[in-house]
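A short write-up of the structure that comes next.
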Amino acid sequence: MKFQKLIYPSRFSVLYSFITWFLIVSQLVRVTFFIWQYDEVSFNLFTLLGTLLTGLFFDFGTVSFIAFPAIIYYTIFPNKWINSWVDKILIWFFTFLTIFILVFVFFAEITFWDEFKTRFNFIAVDYLIYTHEVVANIEQSYPLPLLISGVLISTFLILFIFYKRKYFQNTFTQKASLKQRLVVLATAFTSCLFFTLFITNNQAEWSSNRYNAEISKSGIYSFFAAFRNNQMKYDEFYTSIDNDKAFTIVRNKLKEENSRFKNNNLSIHRTILDTTKNDEPHKNVVFILVESLSGSFMKEFGNEKNITPFLDSLAQKSIFFDNLYATGTRTVRGMEAVTLCIPPTPGQSIVKRPENQNLFTVSNVFKSKGYNSNFFYGGDGYFDNMNAYFGGNGFTIYDRGRGSVLSDKIKTTRNNINDDEVTFENAWGICDDDIYSKMLKVADEHYNSNKPFFNFVMTTSNHRPYTYPDNAIDIPSGTGREGAVKYTDYALKKMFEKAKNKPWFKNTVFIIIADHCASSAGKDEIDVANYHIPAFIVNLPEYQNQKIKKQCSQIDIFPTFFSLLHWNYESDFFGNNILASTFEERVLLGTYRKLVLMKKDQVMVLSDQKKQNFYKWNKLDNSLNTIPLEMSFLNETISWYQTADYLFTHKLLK
C-alpha cells in the first residue's frame, strides 16, 4: 500500500487517468486499423499479440513525453498553493488543451490512414509545413464543422468523466510529499531517456506483413521520428561498398556505344554522341507530369471502367511504354526522376533539400540547344519547394502564387496565373483544363518570338478532394477518384484538340507520364505493382507508333527522347536510352527509407538498418517471396544508390 501511494499519489489523479485513457484509445485506433485492413493483416495469434503489445510499448513511450511537462509542473508547484485559483486554471486549461489536441490527432490519424495506409510519416511532416493547401484540402474533402464538433464533444465528454469520477477533486485537494513527486519525476524522466537513446521507430517494424508493422507504431511517435529523420546519409544507414567499386559497376551499366566517360572514376559524367544525323531537330517539347496516374486506371492494363478513353486511344498512336515504373510515391520523387534522371536517394527528395540549385538537369540540355524552359503549376509553387527547385534550375515559373516569393539567390522569372485565367480552382490549384490553357498561351508567345520551348506542366486535378468543373464529364465532381481520373483524361483530350490548331503543333512533341501511382501501400515491404505507370511520347512521326515492352524507369524517359532526336549532349544522368540494343532492363524505386532494384521478377530491397532482402516477385498476385541472396545483385543495387547519394552530397551534380 505504501508503494502504491509512492508511485500513485492522488495529486496526480488527472494525469494518471489521462495516461490510462490515452493507452486505451490508442489501442482502439489500432483495432480500428486491424478491422479496416482485415483482408491484408495477419491474424496469426502471435503476430496479433505482437502487434498489440508492440503498439502498447510505443504508446507508453509516447505518453511519457506528453505527460512529462505536467509531471514537472506537479513536482515543482508548491504544496501550499494547491487548490488555489492559479492551480485550478492551469490544470483545467492544459488538460482541456492536451485532450483536444490528442482527440484531433486521433481523428487525423484515421483520415491519414484512409489516404496513405500508414501511420504518420514524413508526408505528415510536410503537411504541417504547407498548411494552406492541407487545410483547404481537408475542408473540401471532409465535413470539417462536423469533425471539429466531434473533437469538441469528445473532449468535453472526457473532461466530464474526469469530473464525475473526482479525478480533479483529488488533484486539487490531495498533496504529494516531495519523495512521492521525485519518484514520479524520476520514473517519467527514465522512460523519456530510454525512448530517446535506445528506441527507434524502425523497431516497430518487426513483422514481415507491412500492415502489421505499421499498426504496431504509435502515430505521434512516428510523426516525430519522421521529423528527426527527414534526410538520411546513405553511408550511415545503408550497406555500402568501396566507392571506386560502386562507380565502376554503375559506369559499366551506363556504358553505350555512343557515350564517352570522363577519366575521373568517381563520376558518371559523359558525352553522348550521335553520328547517324548531321543536323539536330529542334522540336518544341510539352512535357506533362500527371498527378497520381496509376497504370491500373487504363483499359490498356485491364481496367474495365472506361475512365481513360483518350489515353487508351493515345497508347495506340504513340511511342507507349507499358512496362515502366515510377521511382517513388510522391510528386517530388517523380519530378526528381524526370529532371535529374537519378535513382531515389534515401530520405527526402532532392527537390526539397537544401543546395539543390544549379544542378545538371534536363533543362541544361535544352538550354544548350537554345530552348526556353518553363514550369507550369496550377497551385502555389511554394508547396513542396517546387518553385525554389525549378526556379533554381533554369525554369521560368508560372503558378498561382499566393504571395510566397522566391529566394534572392534564385535568378528566375516568376509569373502568376491571374484570376481571369481561372474557371475552376480547389485546394491544390486550378483545374487541368485551365493550366493547359495557360501553357498553350505561353507556347504561342514563344512561337511568335521564334524561340523553341520546353514546357513542363504539373497537373493537380487527380487528387483529393477530386473536384473539377461541373458537367465536364458524366461523373459528378467530388465523388471520388474515378471521376478525377476521367476528368484528367478529358482535359488532356481537350488540350490536344486545341493544340492541333496551333501553327507550332506539327513541330511539337508531347511527353506524358505519371508522377507516381494513386496508391503505394501493400502488405509487403515494397508494393511493386503500385509503382507501375504509363508513359507516352506523342507526335513524333519520324518513328512508327510502337509499344515498348522493356522493363524501365522514369529516369530513362529523357535519355530515350534525346536519342530519338539524335542529340549530342553532356550527361550526368543515371537513365539510359531504352531503345538502345545495349539497354539492360531494370527498375529503380523506393520509399523514403526502402531502396529497390528490380530486374524482371527479382527484387532487392535495401533497408536503413544496413539490412537487405532478396525476393522473387509474383506479378499475378503482387507478392514477394524470399530467395537466397545474390552478391552480384546486391552489389549492383548498392552501387546505384550509393553513387547517386555520393554525387549529390559532394555537390558533383552541380
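Chain labels A, B, ... are given in the sequence in which chains occur in the C-alpha cells; within each chain residues are numbered consecutively from 1, and ligands are likewise numbered from 1 in the order shown.
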Can you list, as a CSV table (one decimal) with C-alpha atoms, in the first residue's frame, every protein, DNA or RNA residue that comes within 10 Å of Tyr221 in chain A when you count only C-alpha atoms, leaving out same-chain residues fewer than 4 positions away?
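Output below, filename out-v9.csv:
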chain,number,residue,atom,x,y,z
A,58,PHE,CA,5.4,2.6,-28.2
A,59,ASP,CA,2.2,4.2,-26.9
A,61,GLY,CA,6.8,5.9,-24.7
A,62,THR,CA,4.6,8.5,-26.5
A,63,VAL,CA,2.5,9.3,-23.5
A,65,PHE,CA,6.8,12.5,-23.5
A,119,ARG,CA,0.8,5.8,-39.6
A,120,PHE,CA,2.1,9.4,-39.7
A,121,ASN,CA,5.4,9.7,-41.6
A,200,THR,CA,13.8,4.0,-32.7
A,201,ASN,CA,10.6,3.9,-34.7
A,217,LYS,CA,3.5,2.0,-34.4
A,225,ALA,CA,10.6,10.2,-35.7
A,226,ALA,CA,10.0,11.3,-39.3
A,227,PHE,CA,10.6,14.9,-38.3
Please provide the set of residues having any atom within 10 Å of Leu182 in chain A, restricted to only C-alpha atoms, with same-chain residues fewer than 2 positions apart removed, written as a VMD selection string. chain A and resid 6 to 7 71 to 72 74 to 76 176 to 180 184 to 188
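Using only C-alpha atoms, the nearest neighbour of Asn415 in chain A within the list A:Thr51, A:Gly378, A:Asp322, A:His446 is A:Gly378.
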Find the residues around Asp235 in chain A up to 10 Å (only C-alpha atoms counted), leave out those fewer than 4 positions away in its own chain, and share them as an MDAnalysis selection string. chainID A and resid 239:241 608 610 642 645:646
I want to know what sits within 10 Å of Pro309 in chain A, based on only C-alpha atoms, with residues of the same chain fewer than 5 positions away left out; could you give that as a short mmCIF file (atom, residue, chain, number, x, y, z; two decimals) with N, CA, C and O atoms, in the first residue's frame?
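Result went into part.cif, see below:
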data_model
loop_
_atom_site.label_atom_id
_atom_site.label_comp_id
_atom_site.auth_asym_id
_atom_site.auth_seq_id
_atom_site.Cartn_x
_atom_site.Cartn_y
_atom_site.Cartn_z
N MET A 298 -5.98 2.38 -66.58
CA MET A 298 -6.19 2.32 -68.02
C MET A 298 -6.76 0.98 -68.48
O MET A 298 -6.42 -0.08 -67.94
N LYS A 299 -7.61 1.05 -69.48
CA LYS A 299 -8.15 -0.16 -70.10
C LYS A 299 -7.02 -0.98 -70.70
O LYS A 299 -7.08 -2.21 -70.74
N GLU A 300 -5.98 -0.29 -71.14
CA GLU A 300 -4.81 -0.94 -71.72
C GLU A 300 -4.20 -1.95 -70.76
O GLU A 300 -3.62 -2.96 -71.18
N LEU A 314 -4.58 6.96 -77.17
CA LEU A 314 -3.24 7.51 -77.40
C LEU A 314 -2.18 6.40 -77.35
O LEU A 314 -1.15 6.48 -78.02
N LYS A 486 -11.11 10.37 -64.78
CA LYS A 486 -11.80 10.58 -66.05
C LYS A 486 -11.73 12.05 -66.46
O LYS A 486 -11.58 12.36 -67.66
N ASP A 489 -8.29 12.65 -67.94
CA ASP A 489 -8.27 12.16 -69.31
C ASP A 489 -8.98 13.12 -70.26
O ASP A 489 -8.49 13.43 -71.35
N TYR A 490 -10.13 13.62 -69.82
CA TYR A 490 -10.92 14.58 -70.62
C TYR A 490 -10.12 15.85 -70.89
O TYR A 490 -10.10 16.36 -72.03
N LYS A 493 -7.44 15.35 -73.52
CA LYS A 493 -8.04 15.31 -74.86
C LYS A 493 -8.36 16.71 -75.36
O LYS A 493 -8.05 17.06 -76.51
#
Give me the range 551-575 of chain A side of the contact with range 525-538 of chain A, cut-off 9 Å, one line per residue showing its nearest atom pair and distance in Å at one decimal, counting only C-alpha atoms, sorted by chain and residue number, as a Markdown table.
| residue | atom | partner | partner_atom | distance |
| --- | --- | --- | --- | --- |
| A:Gln554 | CA | A:Ala535 | CA | 8.6 |
| A:Ile557 | CA | A:Ala535 | CA | 8.4 |
| A:Phe561 | CA | A:Ile537 | CA | 8.1 |
Where does DSSP see alpha helix (DSSP H) in range 87-280 of chain A, if you list the residues as number ranges by chain? A: 87-116, 122-129, 131-141, 144-164, 167-173, 178-197, 210-216, 219-228, 234-237, 243-254
Excluding range 394-400 of chain A and residues on its chain fewer than 5 positions from it, collect all residues at most 8 Å away from it, counting only C-alpha atoms, and give them as a list in words. Asn358, Ser363, Asn364, Asn372, Ser373, Asn374, Phe375, Phe376, Tyr377, Gly378, Gly379, Asp380, Gly381, Asn387, Thr412, Thr413, Arg414, Asn415, Asn416, Ile417, Asn418 and Gly429 of chain A
I need the residues of range 387-469 of chain A that end up classed as strand (DSSP E or B) by DSSP on the backbone, written out as a VMD selection string. chain A and resid 396 to 399 414 to 416 425 to 426 429 to 430 453 to 458
Taking N, CA and C atoms for each residue, export the selection above as a compact mmCIF listing (two decimals), in the first residue's frame.
# COMPACT_ATOMS: atom_id res chain seq x y z
N THR A 396 11.51 29.14 -66.04
CA THR A 396 10.62 30.25 -65.73
C THR A 396 9.36 29.67 -65.09
N ILE A 397 8.90 30.29 -64.00
CA ILE A 397 7.79 29.75 -63.21
C ILE A 397 6.47 30.40 -63.61
N TYR A 398 5.44 29.56 -63.80
CA TYR A 398 4.06 30.03 -63.97
C TYR A 398 3.22 29.29 -62.94
N ASP A 399 2.73 30.00 -61.92
CA ASP A 399 1.92 29.36 -60.89
C ASP A 399 0.91 30.35 -60.33
N ARG A 414 9.18 34.80 -62.52
CA ARG A 414 8.01 34.15 -61.96
C ARG A 414 6.77 34.90 -62.39
N ASN A 415 5.81 34.18 -62.95
CA ASN A 415 4.59 34.79 -63.45
C ASN A 415 3.38 34.17 -62.76
N ASN A 416 2.55 34.99 -62.19
CA ASN A 416 1.33 34.49 -61.58
C ASN A 416 0.29 34.16 -62.65
N GLU A 425 -11.13 26.15 -59.41
CA GLU A 425 -9.98 26.01 -58.52
C GLU A 425 -10.41 25.29 -57.25
N ASN A 426 -9.51 24.42 -56.75
CA ASN A 426 -9.76 23.79 -55.44
C ASN A 426 -8.52 23.95 -54.57
N GLY A 429 -5.15 23.78 -56.45
CA GLY A 429 -4.87 24.69 -57.55
C GLY A 429 -5.95 24.68 -58.60
N ILE A 430 -5.65 25.30 -59.74
CA ILE A 430 -6.63 25.40 -60.81
C ILE A 430 -6.76 24.04 -61.51
N PHE A 453 10.59 25.90 -77.33
CA PHE A 453 10.23 25.88 -75.91
C PHE A 453 10.17 24.46 -75.36
N PHE A 454 10.51 24.37 -74.09
CA PHE A 454 10.33 23.15 -73.31
C PHE A 454 9.39 23.52 -72.16
N ASN A 455 8.14 23.09 -72.26
CA ASN A 455 7.12 23.42 -71.27
C ASN A 455 6.84 22.21 -70.38
N PHE A 456 7.13 22.35 -69.11
CA PHE A 456 6.91 21.29 -68.11
C PHE A 456 5.64 21.63 -67.34
N VAL A 457 4.63 20.77 -67.46
CA VAL A 457 3.34 21.01 -66.82
C VAL A 457 3.11 19.98 -65.73
N MET A 458 2.79 20.44 -64.51
CA MET A 458 2.40 19.55 -63.41
C MET A 458 0.92 19.71 -63.17
Give the answer as one residue: which of A:Ala484, A:Leu597, A:Leu624, A:Leu193 has the shortest atom-to-atom distance to Glu636 in chain A, using only C-alpha atoms? A:Leu597
Can you pull out the residues contacting Val25 in chain A? Cut-off 12 Å, using only C-alpha atoms, and skip same-chain residues under 3 positions away; I want them as an MDAnalysis selection string. chainID A and resid 18:22 28:32 55:56 59 63 99 102:103 105:107 154 158 218
Proximity to Ser13 in chain A - best of A:Ala70, A:Ile215, A:Ile627, A:Leu147, only C-alpha atoms: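 Nearest to Ser13 in chain A: A:Ala70.
Between CA of Ser191 in chain A and CA of Thr171 in chain A there is a distance of 22.9 Å.
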Find the residues around Phe558 in chain A up to 8 Å (only C-alpha atoms counted), leave out those fewer than 6 positions away in its own chain, and share them as an MDAnalysis selection string. chainID A and resid 338 341 362 575
